[in-house]
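Colleague: Contents are mmCIF, C-alpha atoms and all ligand atoms; file name target_19.cif:
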data_run
loop_
_atom_site.label_atom_id
_atom_site.label_comp_id
_atom_site.auth_asym_id
_atom_site.auth_seq_id
_atom_site.Cartn_x
_atom_site.Cartn_y
_atom_site.Cartn_z
CA MET A 1 -9.25 -15.96 -23.37
CA GLY A 2 -6.09 -15.14 -21.52
CA PHE A 3 -3.66 -16.17 -18.85
CA LYS A 4 -3.24 -15.04 -15.29
CA VAL A 5 -0.52 -15.48 -12.69
CA ILE A 6 -1.19 -15.10 -8.99
CA VAL A 7 1.38 -14.23 -6.35
CA GLU A 8 0.04 -14.85 -2.89
CA SER A 9 2.22 -15.63 0.08
CA THR A 10 2.23 -15.03 3.80
CA ASP A 11 5.64 -13.38 3.47
CA ILE A 12 4.29 -10.62 1.21
CA LYS A 13 3.18 -8.38 4.00
CA PHE A 14 3.97 -5.21 5.83
CA SER A 15 3.15 -3.95 9.30
CA ALA A 16 2.29 -0.31 9.67
CA SER A 17 0.29 2.11 11.74
CA HIS A 18 -2.23 4.63 10.53
CA PHE A 19 -5.46 6.36 11.42
CA LEU A 20 -8.57 7.11 9.40
CA LYS A 21 -11.34 9.70 9.37
CA GLN A 22 -13.92 7.11 10.49
CA PRO A 23 -15.25 4.88 12.06
CA LEU A 24 -14.50 6.10 15.56
CA GLN A 25 -12.06 3.36 16.60
CA CYS A 26 -10.09 3.95 13.39
CA THR A 27 -9.59 7.63 14.16
CA ARG A 28 -7.12 6.52 16.84
CA LEU A 29 -3.60 5.58 15.85
CA HIS A 30 -3.50 1.81 15.38
CA GLY A 31 -1.73 -0.82 13.35
CA HIS A 32 -2.26 -3.70 10.95
CA ASN A 33 -0.32 -6.55 9.48
CA TYR A 34 -1.22 -5.99 5.85
CA TYR A 35 -1.16 -8.95 3.49
CA VAL A 36 -0.76 -8.32 -0.21
CA SER A 37 -1.55 -10.55 -3.16
CA VAL A 38 -1.34 -9.74 -6.83
CA GLU A 39 -2.82 -11.14 -10.03
CA VAL A 40 -1.42 -10.25 -13.43
CA SER A 41 -3.28 -11.10 -16.64
CA ASP A 42 -2.05 -10.98 -20.21
CA SER A 43 -1.33 -13.16 -23.19
CA LEU A 44 1.89 -15.17 -23.11
CA ASP A 45 5.26 -13.79 -24.13
CA GLU A 46 7.70 -15.62 -26.41
CA ASP A 47 8.86 -17.74 -23.45
CA HIS A 48 5.24 -18.72 -22.67
CA PHE A 49 5.01 -16.64 -19.50
CA VAL A 50 2.60 -13.91 -18.41
CA VAL A 51 5.36 -12.60 -16.13
CA ASP A 52 8.24 -14.18 -14.31
CA PHE A 53 6.92 -15.15 -10.84
CA THR A 54 10.17 -14.46 -9.03
CA ASP A 55 10.55 -11.12 -10.72
CA LEU A 56 6.94 -10.16 -9.91
CA LYS A 57 7.35 -11.14 -6.27
CA GLU A 58 10.54 -9.08 -6.00
CA LYS A 59 8.80 -6.07 -7.50
CA ILE A 60 5.89 -6.38 -5.06
CA MET A 61 8.33 -6.65 -2.14
CA SER A 62 10.21 -3.57 -3.35
CA ILE A 63 6.95 -1.60 -3.16
CA VAL A 64 5.60 -2.89 0.15
CA LYS A 65 8.80 -3.24 2.20
CA PRO A 66 9.51 0.53 2.35
CA MET A 67 6.22 0.85 4.27
CA ASP A 68 7.07 -1.91 6.75
CA HIS A 69 7.11 -0.72 10.39
CA TYR A 70 6.33 2.87 9.51
CA ILE A 71 3.57 5.32 10.33
CA LEU A 72 1.65 5.88 7.11
CA ILE A 73 0.63 9.47 6.48
CA PRO A 74 -1.52 10.39 3.44
CA THR A 75 -0.25 13.65 1.98
CA LYS A 76 -3.35 14.30 -0.16
CA SER A 77 -5.80 14.22 2.72
CA ASP A 78 -8.14 17.18 3.03
CA GLU A 79 -8.60 16.50 6.73
CA LEU A 80 -4.97 16.49 7.82
CA LYS A 81 -2.64 19.40 8.33
CA ILE A 82 0.91 18.17 7.91
CA ARG A 83 3.89 20.24 8.89
CA GLU A 84 7.50 19.17 8.59
CA GLU A 85 9.89 20.46 11.17
CA LYS A 86 13.55 19.66 11.37
CA ASP A 87 13.43 16.06 12.56
CA SER A 88 9.74 15.69 13.18
CA ILE A 89 6.39 15.63 11.47
CA GLU A 90 3.42 17.33 13.04
CA VAL A 91 0.02 16.06 11.96
CA ILE A 92 -3.20 17.73 13.00
CA ALA A 93 -6.29 15.57 12.49
CA SER A 94 -9.43 17.49 13.52
CA ASN A 95 -8.88 17.99 17.27
CA LYS A 96 -5.81 15.79 17.64
CA ARG A 97 -2.17 16.72 17.28
CA TYR A 98 0.47 14.10 16.64
CA VAL A 99 4.21 14.62 16.47
CA PHE A 100 6.23 11.80 14.94
CA PRO A 101 9.96 11.40 14.39
CA ARG A 102 10.61 12.14 10.69
CA GLU A 103 12.45 8.85 10.28
CA ASP A 104 9.40 6.84 11.41
CA VAL A 105 7.00 8.33 8.85
CA PHE A 106 6.27 7.05 5.36
CA PHE A 107 4.39 9.56 3.25
CA LEU A 108 1.91 8.27 0.71
CA PRO A 109 0.48 10.46 -2.07
CA LEU A 110 -3.06 9.40 -1.15
CA ALA A 111 -6.22 11.03 0.21
CA ALA A 112 -6.39 8.41 2.98
CA THR A 113 -4.61 5.23 4.03
CA THR A 114 -7.60 2.94 3.56
CA SER A 115 -6.85 -0.57 2.33
CA GLU A 116 -8.63 0.38 -0.90
CA LEU A 117 -6.22 3.22 -1.61
CA LEU A 118 -3.22 1.19 -0.46
CA ALA A 119 -4.24 -1.45 -3.01
CA LYS A 120 -4.46 1.25 -5.70
CA TYR A 121 -1.06 2.66 -4.66
CA ILE A 122 0.59 -0.77 -5.01
CA HIS A 123 -1.29 -1.36 -8.26
CA ASP A 124 -0.15 1.93 -9.78
CA LYS A 125 3.48 1.24 -8.83
CA LEU A 126 3.28 -2.20 -10.46
CA LYS A 127 1.61 -0.70 -13.52
CA GLU A 128 4.69 1.52 -14.03
CA ILE A 129 6.66 -1.72 -14.43
CA TYR A 130 4.09 -3.94 -16.18
CA ARG A 131 2.51 -1.29 -18.38
CA ASN A 132 0.35 -3.34 -20.73
CA LYS A 133 -0.85 -5.97 -18.31
CA LYS A 134 -4.06 -6.17 -16.35
CA ILE A 135 -3.20 -6.08 -12.65
CA LEU A 136 -5.29 -6.83 -9.59
CA VAL A 137 -4.02 -6.05 -6.09
CA ARG A 138 -5.57 -7.27 -2.84
CA VAL A 139 -4.66 -5.69 0.48
CA GLY A 140 -5.94 -7.52 3.53
CA GLU A 141 -5.80 -5.88 6.93
CA SER A 142 -7.26 -8.85 8.83
CA LYS A 143 -8.16 -12.47 8.14
CA SER A 144 -11.69 -11.52 7.15
CA THR A 145 -11.30 -8.14 5.44
CA MET A 146 -9.52 -7.14 2.28
CA ALA A 147 -9.75 -4.49 -0.40
CA VAL A 148 -9.15 -4.98 -4.10
CA TYR A 149 -8.11 -2.64 -6.88
CA PHE A 150 -7.82 -3.73 -10.49
CA LYS A 151 -7.46 -2.18 -13.89
ZN ZN B 1 -6.81 0.59 10.31
#
Once you've parsed the file, please lay out its structure as structure tokens.
Ligand SMILES: [Zn+2]

Modeller:
Amino acid sequence: MGFKVIVESTDIKFSASHFLKQPLQCTRLHGHNYYVSVEVSDSLDEDHFVVDFTDLKEKIMSIVKPMDHYILIPTKSDELKIREEKDSIEVIASNKRYVFPREDVFFLPLAATTSELLAKYIHDKLKEIYRNKKILVRVGESKSTMAVYFK
């Protein structure tokens, strides 16, 4: 038996653009309004909390807001060739070549920017803060689709 807190709010979101290896329409640069919710499970601390809600929400925001209104580029992708020039980032994805302003790009240490891996990225960042707690992260990219990572 244990306790769980859930932080879910329409203001925990970020808008970003990305592209994926497949399906075809996702290979084109496109964007999402990503919604994030988090569940944290543990026993209670001496103040009878799992975690402080406000604190948890602030931590989530500090992870997702740096991605807001950026182009997400996965640096561990096998399919992409990424080259940094002075003020720009060149990305070659199979037969396409993109050049983005450096300041518009947010690099993620991921193999792809799927919602699944974005959920894991947010999870792992939270886990650095809440080390001994069980954390579940949902990343929704539309009203009907979301990915979950938990550990
Ligand atoms: Zn997408």

Colleague: Would you kindly return, as a ChimeraX atom specification, each protein, DNA or RNA residue with an atom no farther than 8 Å from any atom of Glu39 (chain A), considering only C-alpha atoms and excluding same-chain residues fewer than 5 positions away?

Modeller: /A:4-7,135-137

Colleague: Identify, counting all atoms listed in the file, the protein, DNA and RNA residues located within 12 Å of ligand ZN 1 (chain B), and give them as number ranges by chain.

Modeller: A: 15-34, 71-72, 112-116, 118, 139-142, 145-146

Colleague: Could you check which of A:Ile73, A:Ser144, A:Ile89, A:Asp78 is closest to Pro109 (chain A), using all atoms listed in the file?

Modeller: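 For Pro109 (chain A), the nearest of the given residues is A:Ile73.
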
Colleague: Calculated over only C-alpha atoms, which of the candidates A:Asp104, A:Asp42, A:Asp124, A:Asp55 has the smallest distance to Tyr70 (chain A)?

Modeller: A:Asp104

Colleague: Would you mind reading off the distance between CA of Leu110 (chain A) and CA of Tyr35 (chain A), one decimal, in Å?

Modeller: 19.0 Å

Colleague: At what distance in Å, to one decimal, does CA of Val64 (chain A) lie from CA of Asn132 (chain A)?

Modeller: 21.5 Å

Colleague: Using Å and a single decimal, report how far CA of Val40 (chain A) sits from CA of Lys133 (chain A).

Modeller: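 These atoms are spaced 6.5 Å apart.
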
Colleague: Determine the nearest neighbour of Asp52 (chain A) from the options A:Asp11, A:Tyr130, A:Asp87, A:Ile82, counting all atoms listed in the file.

Modeller: A:Tyr130

Colleague: Tell me which protein, DNA and RNA residues are within 6 Å of Arg138 (chain A), counting all atoms listed in the file, leaving out same-chain ones fewer than 3 positions away, and put them as number ranges by chain.

Modeller: A: 36-37, 119, 147-148

Colleague: How about saving the chosen residues, C-alpha atoms kept, as a short mmCIF file (atom, residue, chain, number, x, y, z; two decimals), in the coordinates of the input?

Modeller:
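Output saved as out_4.cif:
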data_model
loop_
_atom_site.label_atom_id
_atom_site.label_comp_id
_atom_site.auth_asym_id
_atom_site.auth_seq_id
_atom_site.Cartn_x
_atom_site.Cartn_y
_atom_site.Cartn_z
CA VAL A 36 -0.76 -8.32 -0.21
CA SER A 37 -1.55 -10.55 -3.16
CA ALA A 119 -4.24 -1.45 -3.01
CA ALA A 147 -9.75 -4.49 -0.40
CA VAL A 148 -9.15 -4.98 -4.10
#

Colleague: Calculated over all atoms listed in the file, which of the candidates A:Lys143, A:Glu128, A:Val105, A:Ser41 has the smallest distance to Thr75 (chain A)?

Modeller: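 Of A:Lys143, A:Glu128, A:Val105, A:Ser41, the one nearest Thr75 (chain A) is A:Val105, counting all atoms listed in the file.
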
Colleague: Please return the centre and edge lengths, in Å to one decimal, of a box with edges along x, y and z that contains all listed atoms of region 38-44 of chain A, widened by 4 Å on every side, as JSON.

Modeller:
{"center_x": -0.7, "center_y": -12.5, "center_z": -15.0, "size_x": 13.2, "size_y": 13.4, "size_z": 24.4}

Colleague: Around (-6.1, 16.9, 9.1) in the file's own coordinates, what residues are found within 6 Å if you use all atoms listed in the file, given back as a list of chain:residue names?

Modeller: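 It turns out the residues near that spot are A:Glu79, A:Leu80, A:Lys81, A:Ile92, A:Ala93, A:Ser94.
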
Colleague: Generate a file of the selected residues that holds C-alpha atoms, formatted as a PDB file, in the frame of the given file.

Modeller:
ATOM      1  CA  GLU A  79      -8.600  16.500   6.730  1.00  0.00           C
ATOM      2  CA  LEU A  80      -4.970  16.490   7.820  1.00  0.00           C
ATOM      3  CA  LYS A  81      -2.640  19.400   8.330  1.00  0.00           C
ATOM      4  CA  ILE A  92      -3.200  17.730  13.000  1.00  0.00           C
ATOM      5  CA  ALA A  93      -6.290  15.570  12.490  1.00  0.00           C
ATOM      6  CA  SER A  94      -9.430  17.490  13.520  1.00  0.00           C
TER       7      SER A  94
END

Colleague: With distances taken over all atoms listed in the file, which of A:Phe49, A:Phe106, A:Phe100, A:Phe14 is nearest to Met61 (chain A)?

Modeller: A:Phe14

Colleague: Of the candidates A:His69, A:Lys125, A:Lys57, A:Lys13, which shows the shortest atom-to-atom distance to Glu103 (chain A), using all atoms listed in the file?

Modeller: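 Closest to Glu103 (chain A) of all the choices is A:His69.
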
Colleague: Please fill the gaps in region 6-17 of chain A so it has all heavy atoms, and write that as a PDB file, in the frame of the given file.

Modeller:
ATOM      1  N   ILE A   6      -0.793 -15.579 -10.312  1.00  0.00           N
ATOM      2  CA  ILE A   6      -1.190 -15.100  -8.990  1.00  0.00           C
ATOM      3  C   ILE A   6       0.005 -15.249  -8.050  1.00  0.00           C
ATOM      4  O   ILE A   6       0.597 -16.331  -7.979  1.00  0.00           O
ATOM      5  CB  ILE A   6      -2.392 -15.888  -8.445  1.00  0.00           C
ATOM      6  CG1 ILE A   6      -3.576 -15.755  -9.416  1.00  0.00           C
ATOM      7  CG2 ILE A   6      -2.775 -15.403  -7.045  1.00  0.00           C
ATOM      8  CD1 ILE A   6      -4.767 -16.635  -9.068  1.00  0.00           C
ATOM      9  N   VAL A   7       0.341 -14.173  -7.374  1.00  0.00           N
ATOM     10  CA  VAL A   7       1.380 -14.230  -6.350  1.00  0.00           C
ATOM     11  C   VAL A   7       0.721 -13.938  -5.015  1.00  0.00           C
ATOM     12  O   VAL A   7       0.191 -12.850  -4.794  1.00  0.00           O
ATOM     13  CB  VAL A   7       2.531 -13.244  -6.638  1.00  0.00           C
ATOM     14  CG1 VAL A   7       3.515 -13.233  -5.473  1.00  0.00           C
ATOM     15  CG2 VAL A   7       3.256 -13.626  -7.913  1.00  0.00           C
ATOM     16  N   GLU A   8       0.716 -14.946  -4.180  1.00  0.00           N
ATOM     17  CA  GLU A   8       0.040 -14.850  -2.890  1.00  0.00           C
ATOM     18  C   GLU A   8       0.881 -15.622  -1.902  1.00  0.00           C
ATOM     19  O   GLU A   8       1.139 -16.807  -2.108  1.00  0.00           O
ATOM     20  CB  GLU A   8      -1.343 -15.493  -3.028  1.00  0.00           C
ATOM     21  CG  GLU A   8      -2.269 -15.231  -1.885  1.00  0.00           C
ATOM     22  CD  GLU A   8      -3.683 -15.709  -2.225  1.00  0.00           C
ATOM     23  OE1 GLU A   8      -3.840 -16.862  -2.631  1.00  0.00           O
ATOM     24  OE2 GLU A   8      -4.605 -14.915  -2.102  1.00  0.00           O
ATOM     25  N   SER A   9       1.340 -14.959  -0.866  1.00  0.00           N
ATOM     26  CA  SER A   9       2.220 -15.630   0.080  1.00  0.00           C
ATOM     27  C   SER A   9       2.172 -14.902   1.406  1.00  0.00           C
ATOM     28  O   SER A   9       2.014 -13.675   1.446  1.00  0.00           O
ATOM     29  CB  SER A   9       3.651 -15.616  -0.474  1.00  0.00           C
ATOM     30  OG  SER A   9       4.563 -15.902   0.549  1.00  0.00           O
ATOM     31  N   THR A  10       2.289 -15.668   2.481  1.00  0.00           N
ATOM     32  CA  THR A  10       2.230 -15.030   3.800  1.00  0.00           C
ATOM     33  C   THR A  10       3.450 -14.137   4.054  1.00  0.00           C
ATOM     34  O   THR A  10       3.433 -13.338   4.973  1.00  0.00           O
ATOM     35  CB  THR A  10       2.148 -16.074   4.922  1.00  0.00           C
ATOM     36  OG1 THR A  10       3.212 -17.015   4.732  1.00  0.00           O
ATOM     37  CG2 THR A  10       0.818 -16.787   4.913  1.00  0.00           C
ATOM     38  N   ASP A  11       4.494 -14.276   3.247  1.00  0.00           N
ATOM     39  CA  ASP A  11       5.640 -13.380   3.470  1.00  0.00           C
ATOM     40  C   ASP A  11       5.542 -12.089   2.662  1.00  0.00           C
ATOM     41  O   ASP A  11       6.414 -11.243   2.769  1.00  0.00           O
ATOM     42  CB  ASP A  11       6.982 -14.098   3.274  1.00  0.00           C
ATOM     43  CG  ASP A  11       7.124 -14.700   1.901  1.00  0.00           C
ATOM     44  OD1 ASP A  11       6.095 -15.127   1.326  1.00  0.00           O
ATOM     45  OD2 ASP A  11       8.255 -14.747   1.393  1.00  0.00           O
ATOM     46  N   ILE A  12       4.477 -11.922   1.872  1.00  0.00           N
ATOM     47  CA  ILE A  12       4.290 -10.620   1.210  1.00  0.00           C
ATOM     48  C   ILE A  12       3.366  -9.815   2.102  1.00  0.00           C
ATOM     49  O   ILE A  12       2.140  -9.863   1.995  1.00  0.00           O
ATOM     50  CB  ILE A  12       3.704 -10.769  -0.201  1.00  0.00           C
ATOM     51  CG1 ILE A  12       4.562 -11.720  -1.020  1.00  0.00           C
ATOM     52  CG2 ILE A  12       3.640  -9.406  -0.885  1.00  0.00           C
ATOM     53  CD1 ILE A  12       4.048 -11.945  -2.415  1.00  0.00           C
ATOM     54  N   LYS A  13       3.960  -9.114   3.007  1.00  0.00           N
ATOM     55  CA  LYS A  13       3.180  -8.380   4.000  1.00  0.00           C
ATOM     56  C   LYS A  13       3.988  -7.191   4.505  1.00  0.00           C
ATOM     57  O   LYS A  13       5.201  -7.124   4.298  1.00  0.00           O
ATOM     58  CB  LYS A  13       2.825  -9.289   5.172  1.00  0.00           C
ATOM     59  CG  LYS A  13       4.044  -9.776   5.935  1.00  0.00           C
ATOM     60  CD  LYS A  13       3.640 -10.534   7.171  1.00  0.00           C
ATOM     61  CE  LYS A  13       4.841 -10.696   8.048  1.00  0.00           C
ATOM     62  NZ  LYS A  13       5.210 -11.905   8.558  1.00  0.00           N
ATOM     63  N   PHE A  14       3.288  -6.284   5.129  1.00  0.00           N
ATOM     64  CA  PHE A  14       3.970  -5.210   5.830  1.00  0.00           C
ATOM     65  C   PHE A  14       3.132  -4.822   7.042  1.00  0.00           C
ATOM     66  O   PHE A  14       1.908  -4.954   7.035  1.00  0.00           O
ATOM     67  CB  PHE A  14       4.252  -4.005   4.918  1.00  0.00           C
ATOM     68  CG  PHE A  14       3.029  -3.317   4.349  1.00  0.00           C
ATOM     69  CD1 PHE A  14       2.565  -2.144   4.917  1.00  0.00           C
ATOM     70  CD2 PHE A  14       2.365  -3.836   3.252  1.00  0.00           C
ATOM     71  CE1 PHE A  14       1.446  -1.488   4.401  1.00  0.00           C
ATOM     72  CE2 PHE A  14       1.239  -3.201   2.732  1.00  0.00           C
ATOM     73  CZ  PHE A  14       0.778  -2.029   3.298  1.00  0.00           C
ATOM     74  N   SER A  15       3.828  -4.395   8.082  1.00  0.00           N
ATOM     75  CA  SER A  15       3.150  -3.950   9.300  1.00  0.00           C
ATOM     76  C   SER A  15       3.300  -2.446   9.369  1.00  0.00           C
ATOM     77  O   SER A  15       4.398  -1.926   9.154  1.00  0.00           O
ATOM     78  CB  SER A  15       3.805  -4.583  10.530  1.00  0.00           C
ATOM     79  OG  SER A  15       3.800  -5.987  10.399  1.00  0.00           O
ATOM     80  N   ALA A  16       2.197  -1.769   9.633  1.00  0.00           N
ATOM     81  CA  ALA A  16       2.290  -0.310   9.670  1.00  0.00           C
ATOM     82  C   ALA A  16       1.171   0.237  10.540  1.00  0.00           C
ATOM     83  O   ALA A  16       0.175  -0.434  10.804  1.00  0.00           O
ATOM     84  CB  ALA A  16       2.183   0.260   8.255  1.00  0.00           C
ATOM     85  N   SER A  17       1.357   1.469  10.977  1.00  0.00           N
ATOM     86  CA  SER A  17       0.290   2.110  11.740  1.00  0.00           C
ATOM     87  C   SER A  17      -0.284   3.261  10.939  1.00  0.00           C
ATOM     88  O   SER A  17       0.374   3.838  10.065  1.00  0.00           O
ATOM     89  CB  SER A  17       0.801   2.573  13.106  1.00  0.00           C
ATOM     90  OG  SER A  17       1.884   3.432  12.957  1.00  0.00           O
TER      91      SER A  17
END
